[in-house]
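Trainee: Coordinates in my_file20.cif, mmCIF, C-alpha atoms, are listed below.
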```
data_model
loop_
_atom_site.label_atom_id
_atom_site.label_comp_id
_atom_site.auth_asym_id
_atom_site.auth_seq_id
_atom_site.Cartn_x
_atom_site.Cartn_y
_atom_site.Cartn_z
CA MET Q 1 46.21 18.34 58.59
CA SER Q 2 49.85 19.27 57.94
CA SER Q 3 51.90 21.06 60.58
CA ASP Q 4 52.12 24.23 58.52
CA SER Q 5 48.31 24.23 58.15
CA SER Q 6 47.69 23.82 61.87
CA GLU Q 7 50.24 26.49 62.78
CA PHE Q 8 48.79 28.87 60.24
CA LEU Q 9 45.20 28.29 61.34
CA HIS Q 10 46.25 29.22 64.88
CA GLY Q 11 47.66 32.48 63.53
CA TYR Q 12 44.60 32.94 61.34
CA SER Q 13 42.42 32.96 64.47
CA ILE Q 14 44.53 35.77 65.93
CA TYR Q 15 45.22 38.07 63.01
CA SER Q 16 42.34 39.81 61.25
CA VAL Q 17 42.13 39.12 57.53
CA GLU Q 18 40.09 42.26 57.00
CA GLY Q 19 42.90 44.75 57.35
CA LEU Q 20 45.51 42.25 56.17
CA PRO Q 21 48.05 43.14 58.88
CA THR Q 22 51.27 41.99 57.29
CA TRP Q 23 53.12 42.15 60.60
CA GLY Q 24 50.92 39.34 61.85
CA TYR Q 25 51.66 37.15 58.86
CA ARG Q 26 55.35 37.99 59.09
CA ASP Q 27 55.34 36.91 62.71
CA TRP Q 28 53.79 33.60 61.71
CA VAL Q 29 56.32 33.09 58.89
CA ASP Q 30 59.21 33.79 61.31
CA ARG Q 31 57.90 31.18 63.75
CA TRP Q 32 56.94 28.59 61.13
CA HIS Q 33 59.38 25.67 60.85
CA GLY Q 34 58.85 25.34 57.13
CA PRO Q 35 61.30 25.13 54.23
CA GLY Q 36 63.40 28.25 53.75
CA GLU Q 37 62.37 28.68 50.12
CA GLN Q 38 58.69 28.59 51.10
CA LYS Q 39 59.22 31.18 53.83
CA ALA Q 40 60.97 33.35 51.24
CA LEU Q 41 57.94 33.06 48.94
CA ALA Q 42 55.62 34.20 51.72
CA ARG Q 43 57.88 37.12 52.67
CA GLY Q 44 58.18 38.12 49.02
CA ALA Q 45 54.39 38.36 48.68
CA LEU Q 46 54.10 40.41 51.87
CA ASP Q 47 56.92 42.74 50.75
CA ALA Q 48 55.18 43.28 47.40
CA TYR Q 49 51.88 43.96 49.10
CA ASP Q 50 53.45 46.51 51.46
CA ARG Q 51 55.12 48.27 48.52
CA GLU Q 52 51.80 48.52 46.71
CA ARG Q 53 50.14 49.97 49.80
CA ALA Q 54 52.94 52.50 50.21
CA THR Q 55 53.10 53.66 46.58
CA GLY Q 56 49.60 52.98 45.27
CA SER Q 57 51.12 51.54 42.09
CA LEU Q 58 51.60 48.01 40.82
CA THR Q 59 53.74 46.72 37.96
CA ASP Q 60 54.04 43.26 36.52
CA ASP Q 61 57.36 42.85 38.32
CA ASP Q 62 55.68 43.82 41.60
CA LEU Q 63 53.02 41.19 41.00
CA GLN Q 64 55.34 38.23 40.38
CA PRO Q 65 56.25 37.52 44.06
CA ILE Q 66 52.55 37.48 44.96
CA LEU Q 67 51.77 35.06 42.13
CA ALA Q 68 54.70 32.85 43.10
CA ALA Q 69 53.33 32.55 46.64
CA ALA Q 70 49.81 31.91 45.35
CA ARG Q 71 51.11 28.94 43.32
CA SER Q 72 52.86 27.37 46.32
CA SER Q 73 51.88 23.88 47.45
CA ARG Q 74 52.09 24.90 51.14
CA PHE Q 75 48.83 26.06 52.69
CA GLY Q 76 50.22 28.95 54.72
CA VAL Q 77 52.13 30.29 51.71
CA TRP Q 78 49.44 30.03 49.06
CA ASP Q 79 46.90 31.45 51.48
CA ILE Q 80 49.07 34.53 51.97
CA GLY Q 81 49.63 34.76 48.22
CA LEU Q 82 45.94 34.57 47.33
CA LYS Q 83 44.85 36.95 50.07
CA THR Q 84 47.38 39.57 49.00
CA LEU Q 85 46.49 39.00 45.35
CA CYS Q 86 42.78 39.52 46.01
CA ARG Q 87 43.48 42.72 47.92
CA VAL Q 88 45.60 44.28 45.18
CA ALA Q 89 43.21 42.95 42.50
CA GLY Q 90 40.51 45.09 44.07
CA ARG Q 91 42.61 48.14 43.19
CA HIS Q 92 44.46 47.19 39.99
CA ALA Q 93 43.16 45.73 36.73
CA LEU Q 94 46.55 44.06 36.18
CA ALA Q 95 46.16 42.00 39.34
CA LEU Q 96 42.51 41.23 38.57
CA ALA Q 97 43.52 39.77 35.21
CA ALA Q 98 46.31 37.82 36.91
CA LEU Q 99 43.83 36.32 39.37
CA GLU Q 100 41.70 34.98 36.53
CA GLY Q 101 44.90 33.91 34.80
CA LEU Q 102 45.70 31.69 37.78
CA PHE Q 103 42.29 30.07 37.37
CA ASP Q 104 42.93 29.53 33.66
CA SER Q 105 46.43 28.14 33.99
CA GLY Q 106 46.15 26.01 37.09
CA LYS Q 107 45.21 22.43 37.77
CA ALA Q 108 41.93 21.68 39.53
CA MET Q 109 43.40 22.25 42.99
CA LEU Q 110 44.56 25.75 42.05
CA ARG Q 111 41.28 26.56 40.30
CA CYS Q 112 39.44 25.55 43.49
CA ARG Q 113 41.74 27.71 45.62
CA VAL Q 114 41.19 30.71 43.35
CA VAL Q 115 37.41 30.46 43.24
CA THR Q 116 37.15 29.97 47.01
CA SER Q 117 39.47 32.92 47.65
CA LEU Q 118 37.05 35.48 46.18
CA ARG Q 119 36.21 38.29 48.60
CA ASP Q 120 34.21 41.51 48.57
CA CYS Q 121 37.40 43.51 48.09
CA LEU Q 122 36.98 42.45 44.44
CA PRO Q 123 34.34 43.86 42.06
CA ARG Q 124 31.11 41.97 42.52
CA GLU Q 125 30.66 41.39 38.80
CA PHE Q 126 34.07 39.71 38.71
CA CYS Q 127 33.11 37.42 41.60
CA VAL Q 128 29.91 36.46 39.78
CA HIS Q 129 31.85 35.86 36.57
CA LEU Q 130 34.50 33.63 38.15
CA ALA Q 131 32.01 31.79 40.38
CA ARG Q 132 29.94 31.05 37.26
CA ARG Q 133 33.03 29.65 35.56
CA GLY Q 134 33.70 27.55 38.65
CA LEU Q 135 30.18 26.12 38.58
CA ALA Q 136 30.75 25.06 34.97
CA ASP Q 137 34.15 23.50 35.69
CA ARG Q 138 34.82 19.90 34.70
CA THR Q 139 36.10 19.00 38.19
CA LYS Q 140 33.63 18.45 41.02
CA SER Q 141 35.83 20.01 43.72
CA VAL Q 142 35.89 23.27 41.76
CA ARG Q 143 32.12 23.17 41.27
CA VAL Q 144 31.57 22.55 44.97
CA GLY Q 145 34.01 25.34 45.89
CA ALA Q 146 32.21 27.73 43.54
CA GLY Q 147 28.91 26.85 45.19
CA GLU Q 148 30.37 27.58 48.61
CA THR Q 149 31.62 30.94 47.34
CA CYS Q 150 28.17 31.79 45.95
CA GLN Q 151 26.70 31.03 49.37
CA ARG Q 152 29.35 32.96 51.30
CA LEU Q 153 29.10 36.06 49.09
CA LEU Q 154 25.30 35.75 48.70
CA LEU Q 155 25.47 35.64 44.89
CA LYS Q 156 21.79 34.81 44.52
CA GLU Q 157 21.76 35.48 40.79
CA LEU Q 158 23.65 32.19 40.41
CA LEU Q 159 21.07 30.10 42.27
CA GLY Q 160 19.57 28.75 39.05
CA GLU Q 161 22.97 27.56 37.86
CA MET Q 162 23.75 26.03 41.24
CA ILE Q 163 20.48 24.08 41.11
CA ARG Q 164 21.27 22.81 37.61
CA VAL Q 165 24.73 21.72 38.73
CA GLU Q 166 23.24 19.88 41.72
CA GLN Q 167 20.67 18.13 39.54
CA ASN Q 168 23.33 16.94 37.08
CA GLU Q 169 25.98 16.00 39.67
CA LYS Q 170 26.86 12.29 39.62
CA CYS Q 171 28.88 12.23 42.87
CA ALA Q 172 26.54 11.88 45.88
CA LYS Q 173 28.88 13.76 48.25
CA ALA Q 174 29.38 16.66 45.85
CA ARG Q 175 25.62 16.77 45.19
CA LEU Q 176 24.92 17.00 48.93
CA GLU Q 177 27.49 19.76 49.41
CA MET Q 178 25.95 21.74 46.55
CA ARG Q 179 22.48 21.25 48.04
CA CYS Q 180 23.81 22.61 51.32
CA SER Q 181 25.20 25.74 49.62
CA ILE Q 182 21.89 26.21 47.80
CA GLY Q 183 19.88 25.92 51.01
CA LEU Q 184 22.10 28.27 53.01
CA LEU Q 185 22.02 30.83 50.20
CA ARG Q 186 18.32 30.62 49.31
CA ASP Q 187 16.74 29.83 52.68
CA ALA Q 188 19.49 30.69 55.19
CA PHE Q 189 19.36 27.08 56.49
CA PHE Q 190 19.96 23.50 55.47
CA LEU Q 191 19.09 20.17 57.07
CA TRP Q 192 22.23 18.07 56.74
CA PRO Q 193 21.20 14.40 56.76
CA ALA Q 194 22.57 12.13 59.47
CA ASP Q 195 23.44 8.47 59.32
CA ASP Q 196 20.93 5.74 60.14
CA ASP Q 197 17.72 7.00 61.79
CA GLU Q 198 19.26 10.02 63.54
CA PRO Q 199 17.66 13.45 62.92
CA PRO Q 200 19.47 15.78 60.51
CA THR Q 201 21.64 18.66 61.70
CA LEU Q 202 20.02 22.06 61.21
CA TRP Q 203 22.63 24.47 59.84
CA VAL Q 204 21.69 28.17 59.94
CA ARG Q 205 23.36 31.13 58.26
CA VAL Q 206 23.53 33.82 60.93
CA SER Q 207 25.39 36.57 59.04
CA ASP Q 208 24.39 38.41 55.88
CA GLY Q 209 27.85 39.90 55.42
CA VAL Q 210 31.42 39.49 56.65
CA PRO Q 211 32.58 37.26 58.18
CA GLU Q 212 30.39 34.34 57.25
CA HIS Q 213 28.86 32.78 60.35
CA ILE Q 214 26.99 29.47 60.31
CA THR Q 215 25.79 27.58 63.35
CA ASP Q 216 23.99 24.33 64.07
CA LEU Q 217 20.67 24.99 65.74
CA GLY Q 218 19.34 22.97 68.64
CA PRO Q 219 17.51 23.33 71.97
CA PRO Q 220 16.34 25.71 73.32
CA TRP Q 221 15.86 27.33 69.90
CA CYS Q 222 14.27 24.29 68.31
CA PRO Q 223 13.33 20.72 69.23
CA GLU Q 224 16.01 18.05 69.40
CA SER Q 225 14.61 16.51 66.23
CA VAL Q 226 13.65 18.61 63.20
CA TRP Q 227 13.02 16.58 60.08
CA THR Q 228 11.62 18.83 57.33
CA ASP Q 229 12.21 22.28 55.88
CA GLU Q 230 8.64 23.26 56.72
CA GLU Q 231 9.21 22.32 60.35
CA ALA Q 232 12.60 24.07 60.49
CA ARG Q 233 11.68 27.36 58.84
CA PRO Q 234 9.86 29.13 61.74
CA TYR Q 235 12.62 28.18 64.20
CA VAL Q 236 15.26 29.51 61.81
CA GLU Q 237 13.37 32.75 61.22
CA GLU Q 238 12.99 33.37 64.95
CA TYR Q 239 16.62 32.56 65.65
CA ARG Q 240 17.86 34.89 62.91
CA ARG Q 241 15.50 37.62 64.12
CA VAL Q 242 16.87 37.44 67.67
CA GLN Q 243 20.44 36.21 67.20
CA GLY Q 244 21.28 37.22 63.64
CA ARG Q 245 24.32 39.42 63.35
CA THR Q 246 26.41 40.87 60.57
CA ASP Q 247 29.73 42.26 61.74
CA ARG Q 248 30.27 44.12 58.47
CA PRO Q 249 28.04 44.45 55.39
CA PHE Q 250 29.60 43.59 52.05
CA ARG Q 251 31.67 46.44 50.62
CA TRP Q 252 29.74 46.43 47.36
CA ASP Q 253 27.44 49.32 46.59
CA ASP Q 254 24.29 48.96 44.51
CA GLU Q 255 26.26 48.76 41.28
CA GLY Q 256 28.58 46.04 42.58
CA ARG Q 257 31.66 48.22 42.90
CA THR Q 258 33.84 47.93 45.96
CA SER Q 259 33.83 50.75 48.45
CA GLY Q 260 36.06 51.56 51.39
#
```
What would the structure in this file look like if it were written as structure tokens?
Mentor:
Amino acid sequence: MSSDSSEFLHGYSIYSVEGLPTWGYRDWVDRWHGPGEQKALARGALDAYDRERATGSLTDDDLQPILAAARSSRFGVWDIGLKTLCRVAGRHALALAALEGLFDSGKAMLRCRVVTSLRDCLPREFCVHLARRGLADRTKSVRVGAGETCQRLLLKELLGEMIRVEQNEKCAKARLEMRCSIGLLRDAFFLWPADDDEPPTLWVRVSDGVPEHITDLGPPWCPESVWTDEEARPYVEEYRRVQGRTDRPFRWDDEGRTSG
């Protein structure tokens, strides 16, 4: 992990993404020992976001600093760019089109970043649309990222497509990761296989909203060794009944529009 990634992840654990507190990101940028031009990109995106929040309007010129940050090769900078872009895209059609434009114009790494950046501040139908495109992508990392997004946002209408992708996947690692996303989405758990003769790890989806919360289940909630889905299911159901928690439901209403 690069130094800018580790420093940013420390800040990420402190500052809430939900309200996008730009002062927190600015504080991180000020303390980050990164290249000056990259710090300027991050500040430009934050300035543009604050202007949009203050005025309620967004022009193409306003959008350019956010897009420039989103295209950065530095984790902390592109993360700020994509988070600000998603937030304004939930309020402005111009930004929503620009977000899909990034997916269309970028290399595989950028397409993966875009599809995994989708949040419930965006229209649900747009998330379904772009996740579907990600599942059909020619690059396995994008397909895997789209599957993870489907699981995180509980886009169950894409389960059939996820299963078809998993069945046709030639890479064993990518196939396993897609199976994991399918299991966590469909069943709220997945038995991740271990090496040799060790029992698999039982991963359980605890949250049905935001933020995503997944835990590995073990004693006293289940035996040390759980080998099959049939064996795991009652332990998972009991754990979710007692320990399940959703800090915030998705913002989407019944029609898939964002609210709040």
Trainee: With only C-alpha atoms as the atoms that count, which of Q:Leu41, Q:Leu217, Q:Leu63, Q:Leu158 lies nearest to Q:Gln243?
Mentor: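 That would be Q:Leu217, the residue with the smallest distance to Q:Gln243.
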Trainee: Any chance you could work out the residue set of the PyMOL selection byres ((chain Q and resi 239) around 12) here, as a list in words?
Mentor: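 Checking the PyMOL selection byres ((chain Q and resi 239) around 12) against this file, the residues are Ala188, Phe189, Leu202, Trp203, Val204, Arg205, Val206, Ser207, Thr215, Asp216, Leu217, Gly218, Pro219, Pro220, Trp221, Cys222, Ala232, Arg233, Pro234, Tyr235, Val236, Glu237, Glu238, Arg240, Arg241, Val242, Gln243, Gly244 and Arg245 of chain Q.
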Trainee: Mind pulling up the distance from atom CA of Q:Asp50 to atom CA of Q:Asp62?
Mentor: 10.5 Å
Trainee: Smallest atom-to-atom distance to Q:Gly160: which of Q:Ile80, Q:Cys121, Q:Leu135, Q:Val29, using only C-alpha atoms?
Mentor: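 Nearest to Q:Gly160: Q:Leu135.
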Trainee: Please enclose the listed atoms of stretch 57-65 of chain Q in an axis-aligned box, pad each side by 6 Å, and write out the centre and the three edge lengths in Å, rounded to one decimal, as JSON.
Mentor:
```
{"center_x": 54.2, "center_y": 44.5, "center_z": 40.3, "size_x": 18.2, "size_y": 26.0, "size_z": 19.5}
```
Trainee: Compile the contact shell of Q:Leu46 as an MDAnalysis selection string: residues with an atom at most 12 Å away, counting all atoms listed in the file, same-chain residues fewer than 6 positions apart removed.
Mentor: chainID Q and resid 20:29 39:40 52:53 62:70 77:85 87:88
Trainee: In Å to one decimal, how far is atom CA of Q:Leu122 from atom CA of Q:Trp252?
Mentor: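 Calculated distance between atom CA of Q:Trp252 and atom CA of Q:Leu122 is 8.8 Å.
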Trainee: Quick check on the file I pasted: which residues fall under the PyMOL selection byres ((chain Q and resi 118) around 10)? Write them as a ChimeraX atom specification.
Mentor: /Q:82-83,86-87,99,113-117,119-124,126-128,130-131,146,149-150,152-153
Trainee: Starting from the shown file, work through the PyMOL selection byres ((chain Q and resi 166) around 12) and note down what comes out as a PyMOL selection string.
Mentor: chain Q and resi 135-136+140+143-144+147+159-165+167-183
